[in-house]
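K.L.:
Take a look at coords.pdb, PDB, C-alpha atoms, pLDDT in the B column:
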MODEL        1
ATOM      1  CA  MET X  14    -100.072  16.207-104.003  1.00 46.00           C
ATOM      2  CA  SER X  15    -100.899  19.873-103.661  1.00 50.00           C
ATOM      3  CA  ILE X  16    -101.112  22.488-106.354  1.00 57.00           C
ATOM      4  CA  GLU X  17    -100.029  25.153-103.873  1.00 57.00           C
ATOM      5  CA  THR X  18     -96.364  26.073-104.176  1.00 60.00           C
ATOM      6  CA  HIS X  19     -96.037  26.345-100.379  1.00 63.00           C
ATOM      7  CA  PRO X  20     -98.828  24.281 -98.784  1.00 67.00           C
ATOM      8  CA  GLY X  21    -100.023  25.697 -95.491  1.00 69.00           C
ATOM      9  CA  ALA X  22     -98.153  28.988 -95.960  1.00 71.00           C
ATOM     10  CA  LYS X  23     -99.977  32.282 -95.623  1.00 72.00           C
ATOM     11  CA  PRO X  24    -101.088  33.548 -99.080  1.00 67.00           C
ATOM     12  CA  LEU X  25     -99.110  36.469-100.472  1.00 69.00           C
ATOM     13  CA  LEU X  26    -102.252  38.429-101.306  1.00 72.00           C
ATOM     14  CA  ALA X  27    -105.389  38.698 -99.236  1.00 70.00           C
ATOM     15  CA  ALA X  28    -108.590  37.510-100.869  1.00 71.00           C
ATOM     16  CA  PRO X  29    -110.430  40.379-102.556  1.00 74.00           C
ATOM     17  CA  PRO X  30    -113.450  41.697-100.660  1.00 77.00           C
ATOM     18  CA  PRO X  31    -116.798  40.408-101.911  1.00 86.00           C
ATOM     19  CA  ASN X  32    -118.337  42.612-104.589  1.00 89.00           C
ATOM     20  CA  TRP X  33    -121.850  41.845-103.349  1.00 93.00           C
ATOM     21  CA  GLY X  34    -121.535  43.369 -99.884  1.00 94.00           C
ATOM     22  CA  GLU X  35    -119.548  43.758 -96.694  1.00 95.00           C
ATOM     23  CA  LEU X  36    -119.006  41.429 -93.743  1.00 95.00           C
ATOM     24  CA  THR X  37    -117.811  42.040 -90.210  1.00 94.00           C
ATOM     25  CA  LEU X  38    -114.434  40.710 -89.154  1.00 92.00           C
ATOM     26  CA  GLU X  39    -114.288  37.077 -88.045  1.00 90.00           C
ATOM     27  CA  GLY X  40    -115.799  36.743 -84.567  1.00 92.00           C
ATOM     28  CA  GLU X  41    -117.657  40.090 -84.676  1.00 95.00           C
ATOM     29  CA  VAL X  42    -121.423  40.511 -85.027  1.00 96.00           C
ATOM     30  CA  ALA X  43    -123.140  43.116 -87.220  1.00 97.00           C
ATOM     31  CA  VAL X  44    -125.294  45.651 -85.407  1.00 97.00           C
ATOM     32  CA  ALA X  45    -127.199  46.679 -88.543  1.00 97.00           C
ATOM     33  CA  VAL X  46    -127.480  45.685 -92.201  1.00 98.00           C
ATOM     34  CA  ARG X  47    -127.455  48.282 -94.990  1.00 98.00           C
ATOM     35  CA  PHE X  48    -129.282  47.440 -98.221  1.00 98.00           C
ATOM     36  CA  LEU X  49    -128.134  49.506-101.196  1.00 96.00           C
ATOM     37  CA  LEU X  50    -131.106  49.963-103.531  1.00 93.00           C
ATOM     38  CA  GLU X  51    -131.128  51.717-106.902  1.00 89.00           C
ATOM     39  CA  GLN X  52    -132.188  55.093-105.525  1.00 91.00           C
ATOM     40  CA  SER X  53    -131.459  54.824-101.819  1.00 94.00           C
ATOM     41  CA  ALA X  54    -129.806  52.993 -98.961  1.00 96.00           C
ATOM     42  CA  VAL X  55    -131.872  51.422 -96.194  1.00 97.00           C
ATOM     43  CA  THR X  56    -130.289  50.425 -92.873  1.00 97.00           C
ATOM     44  CA  ILE X  57    -132.142  48.021 -90.599  1.00 97.00           C
ATOM     45  CA  PRO X  58    -130.939  47.007 -87.130  1.00 97.00           C
ATOM     46  CA  ALA X  59    -129.977  43.321 -87.257  1.00 96.00           C
ATOM     47  CA  MET X  60    -131.910  42.609 -84.045  1.00 96.00           C
ATOM     48  CA  LEU X  61    -135.170  43.306 -85.954  1.00 97.00           C
ATOM     49  CA  PHE X  62    -134.666  40.352 -88.311  1.00 97.00           C
ATOM     50  CA  ARG X  63    -137.140  37.633 -87.321  1.00 96.00           C
ATOM     51  CA  ARG X  64    -136.399  34.979 -89.942  1.00 97.00           C
ATOM     52  CA  TRP X  65    -135.031  34.394 -93.425  1.00 97.00           C
ATOM     53  CA  GLU X  66    -135.873  31.835 -96.056  1.00 98.00           C
ATOM     54  CA  HIS X  67    -133.596  30.782 -98.910  1.00 97.00           C
ATOM     55  CA  THR X  68    -135.428  29.262-101.888  1.00 97.00           C
ATOM     56  CA  HIS X  69    -133.421  27.557-104.613  1.00 95.00           C
ATOM     57  CA  GLY X  70    -134.479  27.967-108.238  1.00 93.00           C
ATOM     58  CA  THR X  71    -133.912  30.345-111.096  1.00 90.00           C
ATOM     59  CA  PRO X  72    -133.565  32.953-109.758  1.00 91.00           C
ATOM     60  CA  GLU X  73    -132.854  32.013-106.162  1.00 96.00           C
ATOM     61  CA  THR X  74    -134.608  34.130-103.561  1.00 98.00           C
ATOM     62  CA  LEU X  75    -133.701  35.035-100.025  1.00 98.00           C
ATOM     63  CA  VAL X  76    -136.599  36.550 -98.077  1.00 98.00           C
ATOM     64  CA  ILE X  77    -135.793  38.298 -94.795  1.00 98.00           C
ATOM     65  CA  GLY X  78    -138.681  39.094 -92.486  1.00 97.00           C
ATOM     66  CA  THR X  79    -139.047  41.749 -89.815  1.00 96.00           C
ATOM     67  CA  GLU X  80    -142.221  42.702 -87.957  1.00 93.00           C
ATOM     68  CA  SER X  81    -143.118  45.428 -90.447  1.00 96.00           C
ATOM     69  CA  GLU X  82    -141.065  44.752 -93.596  1.00 96.00           C
ATOM     70  CA  ARG X  83    -140.118  42.006 -95.979  1.00 98.00           C
ATOM     71  CA  ILE X  84    -136.770  42.198 -97.807  1.00 98.00           C
ATOM     72  CA  VAL X  85    -136.615  40.120-100.994  1.00 98.00           C
ATOM     73  CA  ILE X  86    -133.227  39.393-102.579  1.00 97.00           C
ATOM     74  CA  GLU X  87    -133.120  37.737-106.006  1.00 96.00           C
ATOM     75  CA  GLY X  88    -130.026  36.305-107.644  1.00 95.00           C
ATOM     76  CA  LEU X  89    -127.768  33.287-107.949  1.00 92.00           C
ATOM     77  CA  ASN X  90    -125.548  31.439-105.457  1.00 93.00           C
ATOM     78  CA  LEU X  91    -127.121  33.171-102.456  1.00 96.00           C
ATOM     79  CA  GLY X  92    -125.835  30.577 -99.989  1.00 96.00           C
ATOM     80  CA  GLU X  93    -122.909  32.779 -98.979  1.00 95.00           C
ATOM     81  CA  VAL X  94    -125.284  35.672 -98.190  1.00 96.00           C
ATOM     82  CA  ARG X  95    -127.503  33.311 -96.153  1.00 97.00           C
ATOM     83  CA  ALA X  96    -124.445  32.013 -94.269  1.00 96.00           C
ATOM     84  CA  ALA X  97    -123.405  35.601 -93.462  1.00 96.00           C
ATOM     85  CA  LEU X  98    -126.903  36.201 -92.049  1.00 97.00           C
ATOM     86  CA  ASP X  99    -126.747  32.953 -90.067  1.00 96.00           C
ATOM     87  CA  LEU X 100    -123.453  34.029 -88.486  1.00 96.00           C
ATOM     88  CA  GLY X 101    -124.597  37.641 -87.916  1.00 97.00           C
ATOM     89  CA  ARG X 102    -121.744  38.969 -90.086  1.00 96.00           C
ATOM     90  CA  LEU X 103    -123.679  40.689 -92.919  1.00 97.00           C
ATOM     91  CA  CYS X 104    -123.166  44.485 -92.784  1.00 96.00           C
ATOM     92  CA  GLU X 105    -124.107  45.569 -96.310  1.00 97.00           C
ATOM     93  CA  LEU X 106    -125.739  44.017 -99.368  1.00 97.00           C
ATOM     94  CA  ARG X 107    -125.727  45.505-102.854  1.00 95.00           C
ATOM     95  CA  VAL X 108    -126.713  44.566-106.384  1.00 94.00           C
ATOM     96  CA  ASN X 109    -123.739  43.229-108.338  1.00 89.00           C
ATOM     97  CA  TYR X 110    -125.403  41.356-111.181  1.00 76.00           C
ATOM     98  CA  THR X 111    -123.589  41.613-114.482  1.00 68.00           C
ATOM     99  CA  THR X 112    -124.165  39.874-117.780  1.00 58.00           C
ATOM    100  CA  LYS X 113    -120.443  39.865-118.611  1.00 62.00           C
ATOM    101  CA  ALA X 114    -118.864  36.484-119.158  1.00 53.00           C
ATOM    102  CA  GLY X 115    -116.175  35.565-116.636  1.00 56.00           C
ATOM    103  CA  ALA X 116    -117.782  37.441-113.746  1.00 63.00           C
ATOM    104  CA  ARG X 117    -116.316  36.905-110.276  1.00 71.00           C
ATOM    105  CA  PRO X 118    -117.409  33.763-108.447  1.00 78.00           C
ATOM    106  CA  GLY X 119    -119.806  34.035-105.539  1.00 85.00           C
ATOM    107  CA  PRO X 120    -123.276  35.468-105.104  1.00 92.00           C
ATOM    108  CA  HIS X 121    -124.831  37.460-107.928  1.00 92.00           C
ATOM    109  CA  ILE X 122    -127.469  39.824-106.553  1.00 94.00           C
ATOM    110  CA  ARG X 123    -129.936  40.854-109.278  1.00 94.00           C
ATOM    111  CA  ARG X 124    -132.527  42.741-107.249  1.00 95.00           C
ATOM    112  CA  ILE X 125    -133.257  43.869-103.696  1.00 97.00           C
ATOM    113  CA  THR X 126    -136.757  45.026-102.794  1.00 97.00           C
ATOM    114  CA  ILE X 127    -138.179  46.138 -99.465  1.00 97.00           C
ATOM    115  CA  GLU X 128    -141.946  45.964 -99.063  1.00 95.00           C
ATOM    116  CA  PRO X 129    -144.445  46.108 -96.190  1.00 95.00           C
ATOM    117  CA  ALA X 130    -144.985  42.780 -94.398  1.00 86.00           C
TER     118      ALA X 130
ENDMDL
END
Could I get this file's structure written as structure tokens?
P.N.:
Amino acid sequence: MSIETHPGAKPLLAAPPPNWGELTLEGEVAVAVRFLLEQSAVTIPAMLFRRWEHTHGTPETLVIGTESERIVIEGLNLGEVRAALDLGRLCELRVNYTTKAGARPGPHIRRITIEPA
């Protein structure tokens, strides 16, 4: 038995966009990724990413390596961000961490830092 009123039917409303970043359309690949920091925005061509490592814990970390820089993302539920990187769909990532109860589901980005490799 399904909870949906019309199983298999197209939803009336589109899912809201993620509040932690932006993705390309299905089937498209991002050319660059923009990281929105507290005081600036940094855009890095996606082809420069060499590897990324997702470490579970509290907080979770996602470390993205390039030849000259290391991007460190701290937060919770970062699997969706990692999946977007795996598929080449991540266009923009921003801090969205809030201490309010009942926050939206999905990744919670607490901090993004970019440091020399």
K.L.:
Starting from the displayed file, determine the output of the PyMOL selection byres ((chain X and resi 40-53) around 6) and express the residue list as a count of residues only.
P.N.:
15
K.L.:
So which one's closest to X:Leu100, X:Arg83, X:Leu36, X:Gly70, X:Ile122? Using only C-alpha atoms, please.
P.N.:
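So, comparing all the options, the nearest one is X:Leu36.
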K.L.:
Calculate how many Å separate atom CA of X:Glu87 from atom CA of X:Pro129, rounding to one decimal.
P.N.:
17.2 Å
K.L.:
For the structure shown, which residues end up in the PyMOL selection byres ((chain X and resi 72) around 9)? Put them as a ChimeraX atom specification, please?
P.N.:
/X:68-71,73-74,87-89,123
K.L.:
Can I get the selected residues back with C-alpha atoms, as a compact mmCIF listing (two decimals), in the coordinates of the input?
P.N.:
# COMPACT_ATOMS: atom_id res chain seq x y z
CA THR X 68 -135.43 29.26 -101.89
CA HIS X 69 -133.42 27.56 -104.61
CA GLY X 70 -134.48 27.97 -108.24
CA THR X 71 -133.91 30.34 -111.10
CA GLU X 73 -132.85 32.01 -106.16
CA THR X 74 -134.61 34.13 -103.56
CA GLU X 87 -133.12 37.74 -106.01
CA GLY X 88 -130.03 36.30 -107.64
CA LEU X 89 -127.77 33.29 -107.95
CA ARG X 123 -129.94 40.85 -109.28
K.L.:
Could you tell me how far atom CA of X:Val94 sits from atom CA of X:Tyr110, in Å to one decimal place?
P.N.:
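Here the two named atoms are 14.2 Å from each other.
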K.L.:
On this file, the PyMOL selection byres ((chain X and resi 61-63) around 8) gives some set of residues; write that set as a list in words.
P.N.:
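Taken over the shown coordinates, the PyMOL selection byres ((chain X and resi 61-63) around 8) returns Ile57, Pro58, Ala59, Met60, Arg64, Trp65, Ile77, Gly78, Thr79 and Glu80 of chain X.
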